[in-house]
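In what follows, a structure is listed as C-alpha cells, so that the remarks can point back to it.
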Amino acid sequence: MIRDDQLDRILLRHEALGAELASGQLAAGAFTKASRELAELDGVVAAIRDFRAKRAEFADLEALAGDASADAEMREMARAERDDLAEELPALERAVAIALLPKDAADERSAILEIRAGTGGEEAALFARDLFGMYTRYAALRGWRVELMSESEAEHGGYKEVIASIAGAGVFARLKFESGVHRVQRVPETEAGGRIHTSAATVAVLPEAEEVDVAIDEKDLRIDVFRSSGPGGQSVNTTDSAVRITHLPTGIVVQQQDEKSQHKNKAKAMKVLRARLFEMEREKADAERAANRKGQVGSGDRSERIRTYNFPQGRVTDHRINLTLYKIDKVIAGDALDEVIDPLIAADEAARLAELDGQG
C-alpha cells in the first residue's frame, strides 16, 4: 500500500522545483539539474494526481450509495459507478507504484550495441548480420540514429563482430534486456542439404558514457597504431590509421579501423572503452543487489541464453519470461520487437515491485 505522506513529499518537491525554476535565480548548472529533476517528477505527479482524484471520487460515491436520505435511483447509480471505480483503482495505484520505482540512471542514455558471432561458423555470422539489421530497423522506427563504429565481416557477408552507437532518448531503457546469447534454428543459406542448424550470436548493450562518468588515466593506456585491413587480411589503407587501445588495469582491448583518420579511430575507440568501463562499474555496483533479486529478468550475463529464433516453426521464444510469438518475420524485421521488449520491461517492473513489497 502506498503511503500518503510519501506522495505528499513528492508533490511538495515538485512544487518547490517549479518555484525555484520560475524565480530565475538559479545558476546555469543548478538550473539544468533542477529542470531534469522536475521533468523526471512530472510523470510521477500526474500518476499521483490521477490516483487521488479517482480515490476521492470513489469516497464520494461510497458516501452517496450509503446515504439513506438520497434518492433511490441516485443511490443505485452511485453504487454502479463505485463498483466500476473499485475495479479501476488497483491499476491506478500500481501505476503510481511503478512510477515511484528507483530509476536506472542510465535509462535515458544512448547506447553502444555490440554483436558477435558465436557457435555456428558462417551461419552464426549471417545471424549476427540479421540481428544487426533487426536493431537498425527498430532504431529507425523509433527515430533513433545509428552510427556504425566498427565491423569485421565474414566470408559470406555476415559479421564476425559489429559495433554501433545508437543515439536517442531512452535507447538504453528499451534495449538493455537484449544483452545475452541469441540462438537461431534454421536451414543455413550456406547449407545445400536442407538440415536445420543451431547457431548463436552474443549481443551486448552498454549505456553510452560521458567523459565525466569514467576517469581514464592516459598512463593506463597502451595505444598501438597499424595499417587497417579488410576481409582476408588485405590492406585497405596505405597509412597507419587503425588504432588499438589496451586498458592495462582491466585488460580491455578496443580496436577501430573503419575511419581513414587515426584521430577519428582513436575517438571512436575511446567511446567504446568508456562504455565498457562504465558498464563494469555498474555491474560491480549492481552485483550485491542482483544477488538478492530472485525474480529479476535475466542476469545480464553475456553467456546467458535469452532468446531462440526458430525459423521452421516461425516462432521467437524469450526464455526469461516464457514468451513465445509466432511472428518471426515481423520480429526480425524490427516491426514486432516491441512485442518482446514491452513484456520484458513489465516483468522487470513486477519483479522490482515484489522486491519492494517483500521489504515492506
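By order in the C-alpha cells, chains are A, B, ...; within a chain, residues start at 1; ligands start at 1, following the order shown.
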
Members of segment 10-218 of chain A assigned strand (DSSP E or B) by DSSP, as an MDAnalysis selection string: chainID A and resid 111:117 145:153 159:167 180:186 197:207

Give me the residues near Ile328 of chain A as a CSV table (one decimal) with N, CA and C atoms, in the first residue's frame, where near means some atom within 9 Å (using only C-alpha atoms) and where sequence neighbours in that chain fewer than 3 positions away do not count.
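File around.csv, as written:
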chain,number,residue,atom,x,y,z
A,309,TYR,N,15.3,-18.0,-32.0
A,309,TYR,CA,14.5,-17.7,-33.2
A,309,TYR,C,14.5,-19.0,-34.0
A,310,ASN,N,13.3,-19.6,-34.0
A,310,ASN,CA,13.1,-20.9,-34.7
A,310,ASN,C,12.4,-20.6,-36.1
A,311,PHE,N,13.1,-20.6,-37.2
A,311,PHE,CA,12.5,-20.3,-38.4
A,311,PHE,C,11.6,-21.4,-39.0
A,313,GLN,N,9.5,-23.2,-37.5
A,313,GLN,CA,8.2,-23.1,-36.8
A,313,GLN,C,7.7,-21.7,-36.7
A,314,GLY,N,8.5,-20.7,-37.3
A,314,GLY,CA,8.1,-19.3,-37.3
A,314,GLY,C,7.9,-18.7,-36.0
A,315,ARG,N,8.7,-19.2,-35.0
A,315,ARG,CA,8.5,-18.6,-33.6
A,315,ARG,C,9.7,-18.0,-33.0
A,316,VAL,N,9.5,-17.1,-32.1
A,316,VAL,CA,10.5,-16.4,-31.3
A,316,VAL,C,10.1,-16.7,-29.9
A,325,LEU,N,6.2,-15.9,-29.5
A,325,LEU,CA,5.4,-15.3,-30.6
A,325,LEU,C,5.6,-16.0,-31.9
A,331,VAL,N,9.3,-9.9,-36.2
A,331,VAL,CA,10.3,-9.6,-35.1
A,331,VAL,C,11.7,-9.3,-35.7
A,332,ILE,N,12.1,-10.2,-36.6
A,332,ILE,CA,13.4,-10.0,-37.3
A,332,ILE,C,13.4,-8.7,-38.1
A,333,ALA,N,12.3,-8.3,-38.6
A,333,ALA,CA,12.2,-7.0,-39.4
A,333,ALA,C,12.2,-5.8,-38.4
A,336,ALA,N,7.9,-6.0,-34.9
A,336,ALA,CA,7.2,-6.6,-33.7
A,336,ALA,C,8.2,-6.7,-32.5

Tell me which protein, DNA and RNA residues are within 10 Å of Thr308 of chain A, counting only C-alpha atoms, leaving out same-chain ones fewer than 3 positions away, and put them as a CSV table (one decimal) with all heavy atoms, in the first residue's frame.
chain,number,residue,atom,x,y,z
A,181,VAL,N,22.8,-14.2,-25.0
A,181,VAL,CA,23.0,-15.1,-26.2
A,181,VAL,C,21.7,-15.3,-26.9
A,181,VAL,O,20.7,-15.7,-26.3
A,181,VAL,CB,23.6,-16.5,-25.8
A,181,VAL,CG1,23.7,-17.4,-27.0
A,181,VAL,CG2,25.0,-16.3,-25.1
A,182,HIS,N,21.7,-15.0,-28.2
A,182,HIS,CA,20.5,-15.2,-29.1
A,182,HIS,C,20.8,-16.4,-29.9
A,182,HIS,O,21.9,-16.5,-30.5
A,182,HIS,CB,20.3,-14.0,-30.0
A,182,HIS,CG,19.9,-12.7,-29.2
A,182,HIS,ND1,18.8,-12.0,-29.4
A,182,HIS,CD2,20.6,-12.0,-28.2
A,182,HIS,CE1,18.7,-11.0,-28.6
A,182,HIS,NE2,19.8,-10.9,-27.9
A,183,ARG,N,19.9,-17.3,-30.0
A,183,ARG,CA,20.1,-18.6,-30.7
A,183,ARG,C,19.2,-18.7,-31.9
A,183,ARG,O,18.0,-18.2,-31.8
A,183,ARG,CB,19.8,-19.8,-29.8
A,183,ARG,CG,20.2,-21.1,-30.3
A,183,ARG,CD,20.0,-22.2,-29.3
A,183,ARG,NE,18.6,-22.3,-28.9
A,183,ARG,CZ,18.1,-23.4,-28.3
A,183,ARG,NH1,18.9,-24.4,-27.9
A,183,ARG,NH2,16.8,-23.5,-28.0
A,184,VAL,N,19.6,-19.2,-33.0
A,184,VAL,CA,18.8,-19.3,-34.2
A,184,VAL,C,18.8,-20.8,-34.7
A,184,VAL,O,19.8,-21.5,-34.6
A,184,VAL,CB,19.3,-18.4,-35.4
A,184,VAL,CG1,20.7,-18.8,-35.9
A,184,VAL,CG2,18.3,-18.4,-36.5
A,185,GLN,N,17.6,-21.2,-35.1
A,185,GLN,CA,17.5,-22.6,-35.6
A,185,GLN,C,16.8,-22.5,-37.0
A,185,GLN,O,15.7,-22.0,-37.1
A,185,GLN,CB,16.6,-23.4,-34.7
A,185,GLN,CG,17.2,-23.7,-33.3
A,185,GLN,CD,16.2,-24.3,-32.3
A,185,GLN,OE1,15.0,-24.1,-32.4
A,185,GLN,NE2,16.8,-25.1,-31.4
A,198,THR,N,21.7,-25.2,-35.6
A,198,THR,CA,21.5,-24.2,-34.4
A,198,THR,C,22.8,-23.4,-34.3
A,198,THR,O,23.9,-24.0,-34.2
A,198,THR,CB,21.3,-25.0,-33.1
A,198,THR,OG1,20.0,-25.7,-33.2
A,198,THR,CG2,21.2,-24.0,-32.0
A,199,SER,N,22.7,-22.1,-34.4
A,199,SER,CA,23.8,-21.2,-34.3
A,199,SER,C,23.5,-20.1,-33.2
A,199,SER,O,22.3,-20.0,-32.8
A,199,SER,CB,24.1,-20.5,-35.6
A,199,SER,OG,24.3,-21.5,-36.6
A,200,ALA,N,24.5,-19.4,-32.9
A,200,ALA,CA,24.2,-18.4,-31.8
A,200,ALA,C,25.1,-17.1,-32.1
A,200,ALA,O,26.1,-17.1,-32.8
A,200,ALA,CB,24.6,-18.9,-30.5
A,305,ARG,N,21.7,-17.7,-22.2
A,305,ARG,CA,20.9,-17.8,-23.4
A,305,ARG,C,19.5,-17.2,-23.1
A,305,ARG,O,18.8,-17.6,-22.2
A,305,ARG,CB,20.7,-19.3,-23.8
A,305,ARG,CG,20.0,-19.5,-25.1
A,305,ARG,CD,19.6,-21.0,-25.3
A,305,ARG,NE,18.4,-21.2,-24.5
A,305,ARG,CZ,17.9,-22.5,-24.3
A,305,ARG,NH1,18.5,-23.5,-24.8
A,305,ARG,NH2,16.8,-22.6,-23.6
A,311,PHE,N,13.1,-20.6,-37.2
A,311,PHE,CA,12.5,-20.3,-38.4
A,311,PHE,C,11.6,-21.4,-39.0
A,311,PHE,O,10.5,-21.0,-39.5
A,311,PHE,CB,13.6,-20.0,-39.5
A,311,PHE,CG,14.1,-18.6,-39.4
A,311,PHE,CD1,15.1,-18.2,-38.4
A,311,PHE,CD2,13.6,-17.5,-40.2
A,311,PHE,CE1,15.5,-16.9,-38.3
A,311,PHE,CE2,14.1,-16.2,-40.1
A,311,PHE,CZ,15.0,-15.9,-39.1
A,315,ARG,N,8.7,-19.2,-35.0
A,315,ARG,CA,8.5,-18.6,-33.6
A,315,ARG,C,9.7,-18.0,-33.0
A,315,ARG,O,10.8,-18.3,-33.4
A,315,ARG,CB,8.0,-19.7,-32.7
A,315,ARG,CG,9.0,-20.8,-32.4
A,315,ARG,CD,8.5,-21.8,-31.3
A,315,ARG,NE,9.3,-23.0,-31.3
A,315,ARG,CZ,10.4,-23.0,-30.6
A,315,ARG,NH1,10.9,-22.0,-29.9
A,315,ARG,NH2,11.1,-24.2,-30.6
A,316,VAL,N,9.5,-17.1,-32.1
A,316,VAL,CA,10.5,-16.4,-31.3
A,316,VAL,C,10.1,-16.7,-29.9
A,316,VAL,O,9.0,-16.4,-29.5
A,316,VAL,CB,10.6,-14.9,-31.6
A,316,VAL,CG1,11.7,-14.3,-30.7
A,316,VAL,CG2,11.0,-14.6,-33.0
A,317,THR,N,11.1,-17.3,-29.1
A,317,THR,CA,10.8,-17.6,-27.7
A,317,THR,C,11.8,-16.8,-26.8
A,317,THR,O,13.0,-17.0,-27.0
A,317,THR,CB,10.9,-19.1,-27.4
A,317,THR,OG1,9.9,-19.7,-28.2
A,317,THR,CG2,10.7,-19.4,-25.9
A,318,ASP,N,11.3,-16.0,-25.9
A,318,ASP,CA,12.2,-15.4,-24.9
A,318,ASP,C,12.1,-16.3,-23.6
A,318,ASP,O,11.1,-16.4,-23.0
A,318,ASP,CB,11.8,-14.0,-24.6
A,318,ASP,CG,12.9,-13.3,-23.9
A,318,ASP,OD1,13.2,-13.6,-22.7
A,318,ASP,OD2,13.6,-12.4,-24.5
A,319,HIS,N,13.3,-16.9,-23.3
A,319,HIS,CA,13.3,-17.9,-22.2
A,319,HIS,C,13.2,-17.3,-20.8
A,319,HIS,O,12.8,-18.1,-19.9
A,319,HIS,CB,14.6,-18.8,-22.3
A,319,HIS,CG,14.8,-19.4,-23.7
A,319,HIS,ND1,14.0,-20.4,-24.2
A,319,HIS,CD2,15.6,-19.1,-24.7
A,319,HIS,CE1,14.4,-20.7,-25.4
A,319,HIS,NE2,15.4,-19.9,-25.8
A,324,THR,N,6.4,-16.7,-26.1
A,324,THR,CA,6.5,-17.2,-27.5
A,324,THR,C,5.6,-16.5,-28.4
A,324,THR,O,4.4,-16.3,-28.2
A,324,THR,CB,6.3,-18.7,-27.6
A,324,THR,OG1,7.2,-19.4,-26.8
A,324,THR,CG2,6.4,-19.2,-29.0

Would you list the contacts of segment 97-114 of chain A as a list of chain:residue names, taking every protein, DNA or RNA residue within 6 Å and counting only C-alpha atoms, but skipping same-chain residues closer than 4 positions in sequence? A:Val44, A:Val162, A:Ile163, A:Ala164, A:Ser165, A:Ile166, A:Ala167, A:Gly168, A:Ala169, A:Gly170, A:Val171, A:Phe172, A:Ala173, A:Val203, A:Ala204, A:Val205, A:Leu206, A:Pro207, A:Glu208

All residues 9 Å or closer to segment 51-55 of chain A, only C-alpha atoms, same chain fewer than 5 positions away omitted, as a PyMOL selection string: chain A and resi 46+60+85-86+88-89+92-93+95-96

Go ahead and write the selection's residues with N, CA, C and O atoms as a PDB file, in the first residue's frame.
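Saved to result_29.pdb:
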ATOM      1  N   ALA A  46       1.718  13.304 -12.203  1.00  0.00           N
ATOM      2  CA  ALA A  46       0.482  13.081 -12.975  1.00  0.00           C
ATOM      3  C   ALA A  46      -0.213  11.800 -12.516  1.00  0.00           C
ATOM      4  O   ALA A  46      -1.449  11.768 -12.356  1.00  0.00           O
ATOM      5  N   ASP A  60     -16.667   9.682  -2.469  1.00  0.00           N
ATOM      6  CA  ASP A  60     -17.937  10.421  -2.624  1.00  0.00           C
ATOM      7  C   ASP A  60     -19.061   9.476  -3.052  1.00  0.00           C
ATOM      8  O   ASP A  60     -20.196   9.564  -2.537  1.00  0.00           O
ATOM      9  N   LEU A  85     -15.326   1.978 -10.416  1.00  0.00           N
ATOM     10  CA  LEU A  85     -14.093   2.607  -9.928  1.00  0.00           C
ATOM     11  C   LEU A  85     -13.278   1.657  -9.061  1.00  0.00           C
ATOM     12  O   LEU A  85     -12.040   1.691  -9.075  1.00  0.00           O
ATOM     13  N   ALA A  86     -13.966   0.796  -8.309  1.00  0.00           N
ATOM     14  CA  ALA A  86     -13.277  -0.161  -7.442  1.00  0.00           C
ATOM     15  C   ALA A  86     -12.377  -1.080  -8.274  1.00  0.00           C
ATOM     16  O   ALA A  86     -11.310  -1.498  -7.822  1.00  0.00           O
ATOM     17  N   GLU A  88     -11.044  -0.124 -11.134  1.00  0.00           N
ATOM     18  CA  GLU A  88     -10.043   0.733 -11.783  1.00  0.00           C
ATOM     19  C   GLU A  88      -8.927   1.163 -10.833  1.00  0.00           C
ATOM     20  O   GLU A  88      -7.769   1.330 -11.247  1.00  0.00           O
ATOM     21  N   LEU A  89      -9.251   1.331  -9.547  1.00  0.00           N
ATOM     22  CA  LEU A  89      -8.295   1.885  -8.588  1.00  0.00           C
ATOM     23  C   LEU A  89      -6.997   1.074  -8.417  1.00  0.00           C
ATOM     24  O   LEU A  89      -5.919   1.666  -8.359  1.00  0.00           O
ATOM     25  N   LEU A  92      -4.581   2.002 -11.088  1.00  0.00           N
ATOM     26  CA  LEU A  92      -4.052   3.359 -10.906  1.00  0.00           C
ATOM     27  C   LEU A  92      -3.009   3.399  -9.794  1.00  0.00           C
ATOM     28  O   LEU A  92      -1.983   4.085  -9.905  1.00  0.00           O
ATOM     29  N   GLU A  93      -3.265   2.643  -8.727  1.00  0.00           N
ATOM     30  CA  GLU A  93      -2.291   2.584  -7.630  1.00  0.00           C
ATOM     31  C   GLU A  93      -1.010   1.896  -8.095  1.00  0.00           C
ATOM     32  O   GLU A  93       0.097   2.306  -7.737  1.00  0.00           O
ATOM     33  N   ALA A  95       0.132   1.961 -11.120  1.00  0.00           N
ATOM     34  CA  ALA A  95       0.823   2.923 -11.990  1.00  0.00           C
ATOM     35  C   ALA A  95       1.664   3.889 -11.155  1.00  0.00           C
ATOM     36  O   ALA A  95       2.782   4.242 -11.528  1.00  0.00           O
ATOM     37  N   VAL A  96       1.126   4.288  -9.999  1.00  0.00           N
ATOM     38  CA  VAL A  96       1.889   5.162  -9.099  1.00  0.00           C
ATOM     39  C   VAL A  96       3.097   4.408  -8.542  1.00  0.00           C
ATOM     40  O   VAL A  96       4.209   4.933  -8.504  1.00  0.00           O
TER      41      VAL A  96
END

Measuring atom to atom with only C-alpha atoms, identify which of A:Ala19, A:Val187, A:Ala139, A:Ile115 is nearest to Asp338 of chain A. A:Ala139

Neighbour list for Val254 of chain A as an NGL selection string, cut-off 12 Å, only C-alpha atoms, skip fewer than 6 positions in-chain: :A and (114 or 149-150 or 163 or 221-225 or 242-248 or 265-277)

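Computed from the coordinates, the atom CA of Ala27 of chain A to atom CA of Glu210 of chain A distance equals 22.1 Å.
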
When you look at Ala128 of chain A with a cut-off of 9 Å (counting only C-alpha atoms), what residues show up, excluding the ones that are within fewer than 5 positions of it in the same chain? I need them as a ChimeraX atom specification. /A:115-118,123,133,158-162,200-203

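You can rank A:Leu38, A:Ile216, A:Ile321, A:Ala209 by their closest distance to Ala351 of chain A using only C-alpha atoms, and at the top of that list sits A:Ile321.
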
Would you list, as a PDB file with C-alpha atoms, in the first residue's frame, the residues of segment 76-145 of chain A that end up in alpha helix (DSSP H) under DSSP run on this structure's backbone?
ATOM      1  CA  GLU A  76     -28.225   2.833  -7.398  1.00  0.00           C
ATOM      2  CA  MET A  77     -26.278   4.892  -9.966  1.00  0.00           C
ATOM      3  CA  ALA A  78     -23.656   5.720  -7.327  1.00  0.00           C
ATOM      4  CA  ARG A  79     -23.262   2.019  -6.459  1.00  0.00           C
ATOM      5  CA  ALA A  80     -22.750   1.101 -10.130  1.00  0.00           C
ATOM      6  CA  GLU A  81     -20.151   3.864 -10.647  1.00  0.00           C
ATOM      7  CA  ARG A  82     -18.472   2.973  -7.345  1.00  0.00           C
ATOM      8  CA  ASP A  83     -18.130  -0.669  -8.405  1.00  0.00           C
ATOM      9  CA  ASP A  84     -16.595   0.373 -11.729  1.00  0.00           C
ATOM     10  CA  LEU A  85     -14.093   2.607  -9.928  1.00  0.00           C
ATOM     11  CA  ALA A  86     -13.277  -0.161  -7.442  1.00  0.00           C
ATOM     12  CA  GLU A  87     -12.012  -2.224 -10.377  1.00  0.00           C
ATOM     13  CA  GLU A  88     -10.043   0.733 -11.783  1.00  0.00           C
ATOM     14  CA  LEU A  89      -8.295   1.885  -8.588  1.00  0.00           C
ATOM     15  CA  PRO A  90      -5.798  -1.011  -8.180  1.00  0.00           C
ATOM     16  CA  ALA A  91      -4.417  -0.363 -11.678  1.00  0.00           C
ATOM     17  CA  LEU A  92      -4.052   3.359 -10.906  1.00  0.00           C
ATOM     18  CA  GLU A  93      -2.291   2.584  -7.630  1.00  0.00           C
ATOM     19  CA  ARG A  94       0.024   0.169  -9.457  1.00  0.00           C
ATOM     20  CA  ALA A  95       0.823   2.923 -11.990  1.00  0.00           C
ATOM     21  CA  VAL A  96       1.889   5.162  -9.099  1.00  0.00           C
ATOM     22  CA  ALA A  97       3.967   2.355  -7.568  1.00  0.00           C
ATOM     23  CA  ILE A  98       5.742   1.750 -10.886  1.00  0.00           C
ATOM     24  CA  ALA A  99       6.372   5.488 -11.299  1.00  0.00           C
ATOM     25  CA  LEU A 100       7.940   5.506  -7.816  1.00  0.00           C
ATOM     26  CA  GLY A 121      30.645 -20.632 -38.086  1.00  0.00           C
ATOM     27  CA  GLU A 122      29.425 -18.773 -41.182  1.00  0.00           C
ATOM     28  CA  GLU A 123      25.779 -19.291 -40.227  1.00  0.00           C
ATOM     29  CA  ALA A 124      26.421 -17.603 -36.865  1.00  0.00           C
ATOM     30  CA  ALA A 125      27.994 -14.670 -38.728  1.00  0.00           C
ATOM     31  CA  LEU A 126      24.943 -14.413 -41.017  1.00  0.00           C
ATOM     32  CA  PHE A 127      22.682 -14.488 -37.952  1.00  0.00           C
ATOM     33  CA  ALA A 128      24.757 -11.688 -36.371  1.00  0.00           C
ATOM     34  CA  ARG A 129      24.102  -9.685 -39.549  1.00  0.00           C
ATOM     35  CA  ASP A 130      20.357 -10.395 -39.257  1.00  0.00           C
ATOM     36  CA  LEU A 131      20.300  -9.257 -35.623  1.00  0.00           C
ATOM     37  CA  PHE A 132      22.133  -6.060 -36.522  1.00  0.00           C
ATOM     38  CA  GLY A 133      19.550  -5.455 -39.262  1.00  0.00           C
ATOM     39  CA  MET A 134      16.735  -6.039 -36.750  1.00  0.00           C
ATOM     40  CA  TYR A 135      18.107  -3.454 -34.310  1.00  0.00           C
ATOM     41  CA  THR A 136      18.916  -0.989 -37.095  1.00  0.00           C
ATOM     42  CA  ARG A 137      15.352  -1.129 -38.433  1.00  0.00           C
ATOM     43  CA  TYR A 138      13.903  -0.963 -34.918  1.00  0.00           C
ATOM     44  CA  ALA A 139      16.001   2.141 -34.247  1.00  0.00           C
ATOM     45  CA  ALA A 140      14.751   3.743 -37.473  1.00  0.00           C
ATOM     46  CA  LEU A 141      11.134   3.094 -36.430  1.00  0.00           C
TER      47      LEU A 141
END
